[in-house]
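Down below is the structure, laid out as structure tokens.
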Amino acid sequence: MKTHHYIFLTAILFVIVFYDQDIGLNLGILGIIYAVLTLFKTTEKNKTKTLYVLLGTSILSSIAFAWYGDFPSFIAVVSSLLLLGYKSKNRRLKILFLIPVFIVNCCTSFCRFFSFDEWLPKKNVPGLWQKTLAFILIPLVLVSVFFGIYSVGSNHFAALFTDYELDINLWQVFCLFVLGFFIAFNYWNYAVEKLIYKNNHFLDNEFQKDSRMPKATYSFLDLNAERMSGVISFVLLNILLIFFIITYNYEQFYEAVKTPVQLSEETHERVNAVIMSIIMAILVIMFYFKSGFNFDPKAGLLKILAKIWIFLNAILVISAAVKNYEYIVNYAFTYKRLGVFAFLLLSLVGLALTFIKIQKQKRNIFLVNTMVWYFYGTILVCSYFNWGGFITSQNMKRKDFAVNYHLTSINFSEKALLRYAGEKNDQKLKNTLQTEVKREKSKTLLSKIIYFQTIQ
């Protein structure tokens with residue numbers, strides 16, 4: 001099939017699966033179709049391991065959305081399909097260019113639509129397609145336009161047709177087709193500007209050979225002065241961080257017990273301070289270990305001090321994680337407290353990558369290129385796992401289990417709460433949950449969320 005076949009096919013499928021439906025199973029089905037069609041459309045040279053991994057995550061994300069139908073799984077589907085479509089055409093382009101390519105194509109899609117030679121066949125369309133275009137599509141468009149004009153000009157003319165009721169909402173069909181066509185057109189027919197191709201090498205992880213000569217970064221500092229500046233800075237920063245770790249852990253683990261509200265506020269403030277500290281630590285290392293300065297043979301002491309600072313920052317992250325775990329043990333699981341673990345884990349990953357950057361003499365952009373994939377992985381983990389069910393099942397073991405909070409603020413906790421209602425013989429809670437589940441089960445097929453269909 002040609003590009004225009006994929007565009008019209010998926011636009012029509014969009015109308016079919018979303019007509020008179022809520023978002024649910026339909027988006028999961030459409031996502032799987034997009035992923036499979038992308039594989040068929042991809043040339044052999046672009047069928048890399050990365051592409052097959054993205055194909056798998058796209059299908060799994062689509063299944064996750066069909067199962068849960070929530071915002072994290074929606075983000076997972078969108079990001080997976082965008083990455084899959086991007087890598088199917090540009091296996092060597094860096095992932096960081098995906099966002100500007102996506103934005104530019106959305107803004108220029110109206111103009112690119114009228115460049116028919118770029119996405120429609122340049123030769124005369126043979127056989128059935130030619131007859132369909134000439135005998136159906138063109139007359140239908142002309143009749144529709146003039147019907148609208150004549151209906152505005154004459155009420156009696158309009159009444160000749162409005163007196164008949166069709167069981168189809170033409171306006172909804174039109175809007176869905178426009179939206180589906182817009183999505184399909186930008187997915188199957190996106191363009192990458194030459195400027196992006198020309199600048200792709202700026203996002204390479206490795207230094208070019210001509211960039212490996214040690215040289216000063218600034219004209220007002222020679223190489224020796226800059227190196228010594230780094231040594232002095234990291235010595236002072238290591239001393240400062242050691243004292244901070246001592247006071248930080250003393251305040252967390254040895255000060256008098258405080259109220260839950262005070263403890264919550266202080267925990268969040270300290271975790272925020274740790275995360276900001278890690279970000280600043282990485283930025284400082286990126287400042288000193290850039291360009292040819294990575295290849296300075298006299299920078300051995302500076303590298304050792306930087307690695308010590310990375311190690312100390314890792315201790316700080318672990319301390320914050322231990323305190324967050326203690327907080328959970330005392331006051332139960334919540335989305336935010338699990339989110340803290342996610343941020344701290346990403347912080348450790350960032351520190352590990354910074355260590356690799358120094359050890360392997362990578363460019364600063366290596367950190368960004370790699371961390372993007374870890375953020376993407378975090379999105380996938382958030383979408384594939386029922387964190388709401390996990391939170392509820394764990395908190396049910398507590399004596400201070402807050403039923404109303406888990407009923408109203410925790411998603412996909414119905415199975416655990418029904419089990420809890422059965423154990424506590426809480427008929428009111430059971431009836432409330434069954435009403436909600438019944439409402440979800442009563443939706444039309446393509447609007448259903450599979451999770452609720454598995455609840456007895």
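Numbering starts fresh at 1 for the residues of each chain in the structure tokens, the chains themselves are lettered A, B, ... in the order given, and ligands are numbered from 1 as they appear.
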Quiz item: Can you list, as a PyMOL selection string, every protein, DNA or RNA residue that comes within 10 Å of Tyr384 of chain A when you count only C-alpha atoms, leaving out same-chain residues fewer than 4 positions away?
Solution: chain A and resi 60-65+67-68+72-73+76+379-380
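Closest approach to Leu353 of chain A among A:Asp296, A:Asp20, A:Gln394, A:Ile310 is made by A:Ile310 (distances from only C-alpha atoms).
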Quiz prompt | Nearest residue to Ala299 of chain A from the set A:Lys323, A:Arg270, A:Arg227, A:Lys47 (distances using only C-alpha atoms) | solution =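 That would be A:Arg227, the residue with the smallest distance to Ala299 of chain A.
Counting only C-alpha atoms, the residue from A:Tyr331, A:Tyr250, A:Phe385, A:Phe244 that sits nearest to Leu312 of chain A is A:Phe244.
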Exercise. Find, counting only C-alpha atoms, the residue in A:Ile318, A:Leu302, A:Ala191, A:Val141 that gets nearest to Val101 of chain A.
Key: A:Ala191
